[in-house]
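First the structure, in the form of structure tokens, and then the observations on it.
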Amino acid sequence: MESFRSDDAQLVYEITGSGPDVILLHPFPLHHTFWDGLLDQLVTRYRVIRPDLRAHGDSDAGDGPVTMQKLADDLDKLCRGLGIVRATFVGVSIGGYALFEFWRRYRERVSALVLANTRAGAETPEGRAGRMEIAERVLREGTLGFTNDLVQKLCSPSTLANRPDIVDAARAMAAKMSPADIAEVQRGMADRADSIPTLATISVPTLVIAGEDDSVPLSEMQLIHQGIAGSQFRAIAKAGHYAAMEQPAEFGRLLRTFFDALPRT
């Protein structure tokens, strides 16, 4: 793993392969190995950069809430450090939230987008209160109960029944986060901006991917697709919120097909 400094945090990332740059952003509360199952489909033609987002995996949280603005700025520093002028960005869940903010701040760096298992809207008042309650609970009780329940909720019934190895791997990744890490990420997500108005401004090739069994309703993903002119929409069967990990062959196929059709610059 390589590392770089972004303001108050030391952050890590891994680079594999060579070719046009692709940056993969994992979901909460996992880290860069979320993408392991599909990496082989990409690295034969692309240079794949997989950071651990701030507070996830081996990356520091820094001080205060892990806001989408901080994540976007971290991503810009990563690009500058690696000499990346433009890249294709893939974001799942919180990775998608970060990419909406990144687009608002640094859109000149984006050649194409993939938005998966995420939402464009701001948190509802009920959702915000729930996230703030989670932050207090993990600080009080620890992370194990929360992360175990979360992984059970976010994986598809098919994964829960047939792939205990995937469920266990997700739990092991989540276990890397401390109570303070989880609390500050929850606080940052609670206050994320409404990105629905941003959708109409996205002017690069975009692929939207949903899991048919995701706790995020298909209607949320279709709203993103409908809001981004010319975007493509795909839904993956027997996949929940962690579709790229639950169905890596299909998710990887969709990515590779989309990437290979992009114009080379």
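Letters for chains follow the order of the structure tokens (A, B, ...), residue numbers begin at 1 for each chain, and ligand numbers begin at 1 in the order shown.
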Run DSSP on the backbone and tell me which residues of segment 89-263 of chain A come out as strand (DSSP E or B); list them as an MDAnalysis selection string. chainID A and resid 89:92 110:116 206:211 232:236
Name the residues in contact with segment 124-137 of chain A at a cut-off of 7 Å, using only C-alpha atoms, excluding same-chain residues fewer than 6 positions from it; report them as a count of residues only. 5
When you count only C-alpha atoms, which of these residues is closest to Leu254 of chain A: A:Ala169, A:Leu223, A:Ile209, A:Leu139? A:Ile209
Write out, as CSV, each residue of segment 56-170 of chain A that has an atom at most 12 Å from segment 213-219 of chain A, together with the closest pair of atoms and their distance in Å to one decimal, counting only C-alpha atoms, rows going by chain and rising number.
```
residue,atom,partner,partner_atom,distance
A:Val92,CA,A:Val216,CA,11.6
A:Ser93,CA,A:Val216,CA,9.3
A:Ala116,CA,A:Val216,CA,10.3
A:Asn117,CA,A:Val216,CA,6.7
A:Thr118,CA,A:Val216,CA,7.1
A:Arg119,CA,A:Val216,CA,7.6
A:Ala120,CA,A:Val216,CA,11.1
A:Gly121,CA,A:Val216,CA,11.7
A:Leu150,CA,A:Ser215,CA,10.7
A:Val151,CA,A:Ser215,CA,11.2
A:Gln152,CA,A:Ser215,CA,10.9
A:Lys153,CA,A:Ser215,CA,7.4
A:Leu154,CA,A:Ser215,CA,6.3
A:Cys155,CA,A:Asp214,CA,7.5
A:Ser156,CA,A:Asp213,CA,5.5
A:Pro157,CA,A:Asp213,CA,7.7
A:Ser158,CA,A:Asp213,CA,9.0
A:Thr159,CA,A:Asp213,CA,10.2
A:Leu160,CA,A:Asp213,CA,11.6
```
Could you write out the selected residues, including N, CA and C atoms, as a PDB file, in the first residue's frame?
```pdb
ATOM      1  N   VAL A  92     -19.324   3.578  -4.896  1.00  0.00           N
ATOM      2  CA  VAL A  92     -20.411   2.797  -4.309  1.00  0.00           C
ATOM      3  C   VAL A  92     -20.814   3.422  -2.979  1.00  0.00           C
ATOM      4  N   SER A  93     -22.105   3.659  -2.788  1.00  0.00           N
ATOM      5  CA  SER A  93     -22.646   4.150  -1.521  1.00  0.00           C
ATOM      6  C   SER A  93     -21.971   5.458  -1.114  1.00  0.00           C
ATOM      7  N   ALA A 116     -22.930   3.579  -8.157  1.00  0.00           N
ATOM      8  CA  ALA A 116     -23.555   2.298  -7.831  1.00  0.00           C
ATOM      9  C   ALA A 116     -24.056   2.285  -6.393  1.00  0.00           C
ATOM     10  N   ASN A 117     -25.254   1.730  -6.201  1.00  0.00           N
ATOM     11  CA  ASN A 117     -25.781   1.476  -4.858  1.00  0.00           C
ATOM     12  C   ASN A 117     -25.662   2.724  -3.980  1.00  0.00           C
ATOM     13  N   THR A 118     -26.138   3.844  -4.490  1.00  0.00           N
ATOM     14  CA  THR A 118     -26.000   5.108  -3.790  1.00  0.00           C
ATOM     15  C   THR A 118     -27.284   5.917  -3.924  1.00  0.00           C
ATOM     16  N   ARG A 119     -27.287   7.106  -3.369  1.00  0.00           N
ATOM     17  CA  ARG A 119     -28.444   8.000  -3.445  1.00  0.00           C
ATOM     18  C   ARG A 119     -27.952   9.401  -3.809  1.00  0.00           C
ATOM     19  N   ALA A 120     -28.825  10.164  -4.467  1.00  0.00           N
ATOM     20  CA  ALA A 120     -28.492  11.552  -4.770  1.00  0.00           C
ATOM     21  C   ALA A 120     -29.053  12.519  -3.739  1.00  0.00           C
ATOM     22  N   GLY A 121     -30.125  12.154  -3.089  1.00  0.00           N
ATOM     23  CA  GLY A 121     -30.783  13.072  -2.164  1.00  0.00           C
ATOM     24  C   GLY A 121     -30.027  13.254  -0.854  1.00  0.00           C
ATOM     25  N   LEU A 150     -25.512  -4.427  10.294  1.00  0.00           N
ATOM     26  CA  LEU A 150     -25.474  -3.700   9.033  1.00  0.00           C
ATOM     27  C   LEU A 150     -25.173  -4.630   7.862  1.00  0.00           C
ATOM     28  N   VAL A 151     -24.175  -5.481   8.019  1.00  0.00           N
ATOM     29  CA  VAL A 151     -23.820  -6.404   6.935  1.00  0.00           C
ATOM     30  C   VAL A 151     -24.991  -7.340   6.625  1.00  0.00           C
ATOM     31  N   GLN A 152     -25.676  -7.811   7.643  1.00  0.00           N
ATOM     32  CA  GLN A 152     -26.853  -8.663   7.425  1.00  0.00           C
ATOM     33  C   GLN A 152     -27.928  -7.929   6.635  1.00  0.00           C
ATOM     34  N   LYS A 153     -28.090  -6.661   6.925  1.00  0.00           N
ATOM     35  CA  LYS A 153     -29.116  -5.853   6.259  1.00  0.00           C
ATOM     36  C   LYS A 153     -28.753  -5.553   4.810  1.00  0.00           C
ATOM     37  N   LEU A 154     -27.457  -5.352   4.544  1.00  0.00           N
ATOM     38  CA  LEU A 154     -27.051  -4.841   3.236  1.00  0.00           C
ATOM     39  C   LEU A 154     -26.777  -5.925   2.204  1.00  0.00           C
ATOM     40  N   CYS A 155     -26.493  -7.141   2.645  1.00  0.00           N
ATOM     41  CA  CYS A 155     -26.292  -8.234   1.685  1.00  0.00           C
ATOM     42  C   CYS A 155     -27.635  -8.793   1.231  1.00  0.00           C
ATOM     43  N   SER A 156     -27.659  -9.322   0.008  1.00  0.00           N
ATOM     44  CA  SER A 156     -28.899  -9.888  -0.526  1.00  0.00           C
ATOM     45  C   SER A 156     -29.233 -11.201   0.174  1.00  0.00           C
ATOM     46  N   PRO A 157     -30.508 -11.616   0.165  1.00  0.00           N
ATOM     47  CA  PRO A 157     -30.867 -12.918   0.724  1.00  0.00           C
ATOM     48  C   PRO A 157     -30.068 -14.061   0.112  1.00  0.00           C
ATOM     49  N   SER A 158     -29.794 -13.975  -1.178  1.00  0.00           N
ATOM     50  CA  SER A 158     -29.014 -15.016  -1.841  1.00  0.00           C
ATOM     51  C   SER A 158     -27.600 -15.099  -1.271  1.00  0.00           C
ATOM     52  N   THR A 159     -26.980 -13.953  -1.060  1.00  0.00           N
ATOM     53  CA  THR A 159     -25.633 -13.938  -0.488  1.00  0.00           C
ATOM     54  C   THR A 159     -25.648 -14.479   0.934  1.00  0.00           C
ATOM     55  N   LEU A 160     -26.613 -14.055   1.728  1.00  0.00           N
ATOM     56  CA  LEU A 160     -26.703 -14.520   3.109  1.00  0.00           C
ATOM     57  C   LEU A 160     -26.881 -16.032   3.181  1.00  0.00           C
TER      58      LEU A 160
END
```
Taking 3 positions as the minimum chain separation for residues in the same chain, which residues sit within 6 Å of Gly211 of chain A when counting only C-alpha atoms? Answer as a ChimeraX atom specification. /A:214,235-236,239-240,243
Written file, previous selection with N, CA, C and O atoms, as a short mmCIF file (atom, residue, chain, number, x, y, z; two decimals), in the first residue's frame:
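Okay, out-v5.cif is ready:
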```cif
data_model
loop_
_atom_site.label_atom_id
_atom_site.label_comp_id
_atom_site.auth_asym_id
_atom_site.auth_seq_id
_atom_site.Cartn_x
_atom_site.Cartn_y
_atom_site.Cartn_z
N ASP A 214 -31.06 -4.51 -3.18
CA ASP A 214 -30.45 -3.48 -2.33
C ASP A 214 -31.48 -2.87 -1.40
O ASP A 214 -32.66 -2.73 -1.75
N ALA A 235 -29.20 -3.16 -13.62
CA ALA A 235 -29.50 -3.74 -12.31
C ALA A 235 -28.98 -5.18 -12.29
O ALA A 235 -29.12 -5.92 -13.26
N ILE A 236 -28.38 -5.55 -11.18
CA ILE A 236 -27.77 -6.87 -11.03
C ILE A 236 -28.64 -7.73 -10.13
O ILE A 236 -28.96 -7.35 -9.00
N ALA A 239 -28.19 -9.43 -5.91
CA ALA A 239 -27.18 -8.54 -5.36
C ALA A 239 -27.85 -7.50 -4.49
O ALA A 239 -28.90 -6.97 -4.84
N GLY A 240 -27.22 -7.20 -3.36
CA GLY A 240 -27.71 -6.17 -2.47
C GLY A 240 -26.88 -4.91 -2.59
O GLY A 240 -26.43 -4.54 -3.68
N ALA A 243 -23.12 -4.99 -4.21
CA ALA A 243 -23.25 -5.75 -5.46
C ALA A 243 -21.90 -6.13 -6.07
O ALA A 243 -21.73 -7.23 -6.59
#
```
I'd like to know which of A:Ala200, A:Ile84, A:Ala122, A:Ala55 is closest to Met177 of chain A, using only C-alpha atoms.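 Closest to Met177 of chain A, using only C-alpha atoms: A:Ala55.
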Apply DSSP to the backbone of this structure and, from segment 173-252 of chain A, keep only the residues in helix (DSSP H, G or I); write these as number ranges by chain. A: 173-174, 179-190, 196-199, 218-227, 243-246, 248-252
Do a neighbour search on Arg104 of chain A at 12 Å with only C-alpha atoms, toss out local chain neighbours closer than 4 positions, and write the hits as a PDB file with N, CA and C atoms, in the first residue's frame.
```pdb
ATOM      1  N   MET A  68     -18.322  14.921   3.098  1.00  0.00           N
ATOM      2  CA  MET A  68     -18.109  14.645   1.686  1.00  0.00           C
ATOM      3  C   MET A  68     -17.126  15.649   1.081  1.00  0.00           C
ATOM      4  N   GLN A  69     -17.095  16.853   1.633  1.00  0.00           N
ATOM      5  CA  GLN A  69     -16.118  17.840   1.167  1.00  0.00           C
ATOM      6  C   GLN A  69     -14.691  17.371   1.439  1.00  0.00           C
ATOM      7  N   ALA A  72     -13.864  14.573  -1.017  1.00  0.00           N
ATOM      8  CA  ALA A  72     -13.595  15.114  -2.354  1.00  0.00           C
ATOM      9  C   ALA A  72     -12.211  15.751  -2.409  1.00  0.00           C
ATOM     10  N   ASP A  73     -11.848  16.485  -1.378  1.00  0.00           N
ATOM     11  CA  ASP A  73     -10.526  17.114  -1.348  1.00  0.00           C
ATOM     12  C   ASP A  73      -9.422  16.062  -1.258  1.00  0.00           C
ATOM     13  N   TYR A  97     -21.614   9.346  -2.833  1.00  0.00           N
ATOM     14  CA  TYR A  97     -21.811  10.661  -2.197  1.00  0.00           C
ATOM     15  C   TYR A  97     -20.575  11.535  -2.411  1.00  0.00           C
ATOM     16  N   ALA A  98     -19.399  10.925  -2.220  1.00  0.00           N
ATOM     17  CA  ALA A  98     -18.153  11.672  -2.390  1.00  0.00           C
ATOM     18  C   ALA A  98     -17.984  12.141  -3.828  1.00  0.00           C
ATOM     19  N   LEU A  99     -18.390  11.308  -4.790  1.00  0.00           N
ATOM     20  CA  LEU A  99     -18.224  11.686  -6.190  1.00  0.00           C
ATOM     21  C   LEU A  99     -19.151  12.816  -6.609  1.00  0.00           C
ATOM     22  N   PHE A 100     -20.339  12.889  -6.050  1.00  0.00           N
ATOM     23  CA  PHE A 100     -21.191  14.046  -6.329  1.00  0.00           C
ATOM     24  C   PHE A 100     -20.487  15.336  -5.883  1.00  0.00           C
ATOM     25  N   GLU A 108     -13.364  18.967 -13.724  1.00  0.00           N
ATOM     26  CA  GLU A 108     -12.407  18.907 -14.830  1.00  0.00           C
ATOM     27  C   GLU A 108     -11.552  17.648 -14.775  1.00  0.00           C
ATOM     28  N   ARG A 109     -11.508  16.989 -13.627  1.00  0.00           N
ATOM     29  CA  ARG A 109     -10.737  15.749 -13.489  1.00  0.00           C
ATOM     30  C   ARG A 109     -11.511  14.506 -13.933  1.00  0.00           C
ATOM     31  N   VAL A 110     -12.799  14.640 -14.189  1.00  0.00           N
ATOM     32  CA  VAL A 110     -13.664  13.477 -14.416  1.00  0.00           C
ATOM     33  C   VAL A 110     -13.895  13.256 -15.908  1.00  0.00           C
ATOM     34  N   ALA A 193     -24.798  17.011   1.338  1.00  0.00           N
ATOM     35  CA  ALA A 193     -25.625  17.926   0.557  1.00  0.00           C
ATOM     36  C   ALA A 193     -26.630  17.161  -0.305  1.00  0.00           C
ATOM     37  N   ASP A 194     -27.663  17.866  -0.712  1.00  0.00           N
ATOM     38  CA  ASP A 194     -28.616  17.333  -1.685  1.00  0.00           C
ATOM     39  C   ASP A 194     -27.964  17.388  -3.061  1.00  0.00           C
ATOM     40  N   SER A 195     -27.758  16.221  -3.667  1.00  0.00           N
ATOM     41  CA  SER A 195     -27.106  16.171  -4.980  1.00  0.00           C
ATOM     42  C   SER A 195     -28.087  16.012  -6.133  1.00  0.00           C
ATOM     43  N   ILE A 196     -29.379  16.032  -5.853  1.00  0.00           N
ATOM     44  CA  ILE A 196     -30.348  15.911  -6.952  1.00  0.00           C
ATOM     45  C   ILE A 196     -30.197  17.061  -7.951  1.00  0.00           C
ATOM     46  N   PRO A 197     -30.019  18.326  -7.506  1.00  0.00           N
ATOM     47  CA  PRO A 197     -29.808  19.395  -8.491  1.00  0.00           C
ATOM     48  C   PRO A 197     -28.514  19.228  -9.294  1.00  0.00           C
ATOM     49  N   THR A 198     -27.551  18.485  -8.742  1.00  0.00           N
ATOM     50  CA  THR A 198     -26.271  18.275  -9.424  1.00  0.00           C
ATOM     51  C   THR A 198     -26.418  17.355 -10.630  1.00  0.00           C
ATOM     52  N   LEU A 199     -27.407  16.467 -10.604  1.00  0.00           N
ATOM     53  CA  LEU A 199     -27.522  15.451 -11.647  1.00  0.00           C
ATOM     54  C   LEU A 199     -27.579  16.072 -13.042  1.00  0.00           C
ATOM     55  N   ALA A 200     -28.320  17.136 -13.196  1.00  0.00           N
ATOM     56  CA  ALA A 200     -28.482  17.760 -14.512  1.00  0.00           C
ATOM     57  C   ALA A 200     -27.196  18.396 -15.021  1.00  0.00           C
ATOM     58  N   THR A 201     -26.227  18.606 -14.146  1.00  0.00           N
ATOM     59  CA  THR A 201     -24.962  19.219 -14.561  1.00  0.00           C
ATOM     60  C   THR A 201     -23.935  18.188 -15.012  1.00  0.00           C
ATOM     61  N   ILE A 202     -24.189  16.910 -14.764  1.00  0.00           N
ATOM     62  CA  ILE A 202     -23.202  15.872 -15.092  1.00  0.00           C
ATOM     63  C   ILE A 202     -23.229  15.629 -16.596  1.00  0.00           C
ATOM     64  N   SER A 203     -22.097  15.901 -17.229  1.00  0.00           N
ATOM     65  CA  SER A 203     -22.039  15.927 -18.691  1.00  0.00           C
ATOM     66  C   SER A 203     -21.017  14.950 -19.263  1.00  0.00           C
TER      67      SER A 203
END
```
Any idea what's packed within 8 Å of segment 5-10 of chain A, counting only C-alpha atoms, ignoring anything in its chain fewer than 3 positions away? Could you give it as number ranges by chain? A: 54, 59-63, 73-74, 77
Residue nearest Asp260 of chain A - candidates A:Tyr46, A:Tyr13, A:Phe34, A:Phe4, atoms counted: only C-alpha atoms: A:Tyr46
Could you jot down the atom CA of Gly64 of chain A to atom CA of Gly142 of chain A separation for me, Å, one decimal place? 18.5 Å
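In terms of minimum interatomic distance to Lys70 of chain A, A:Leu53 ranks closest within A:Leu53, A:Val204, A:Ala174, A:Val90, counting only C-alpha atoms.
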Please provide the set of residues having any atom within 6 Å of Phe89 of chain A, restricted to only C-alpha atoms, with same-chain residues fewer than 4 positions apart removed, written as a count of residues only. 3
Applying 9 Å and only C-alpha atoms, which residues near Ile49 of chain A remain after dropping the ones on its own chain fewer than 3 positions away? List them as a list in words. Tyr13, Glu14, Ile15, Thr16, Gly17, Asp21, Val22, Ile23, Leu24 and Leu25 of chain A
Rank A:Val114, A:Ile166, A:Leu71, A:Leu262 by their smallest atom-to-atom distance to Arg234 of chain A, using only C-alpha atoms, and report the top residue only.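 Among the listed residues, A:Val114 lies closest to Arg234 of chain A.
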For atom CA of Lys238 of chain A and atom CA of Val48 of chain A, quote the distance in Å rounded to one decimal.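 Atom CA of Lys238 of chain A sits 26.0 Å away from atom CA of Val48 of chain A.
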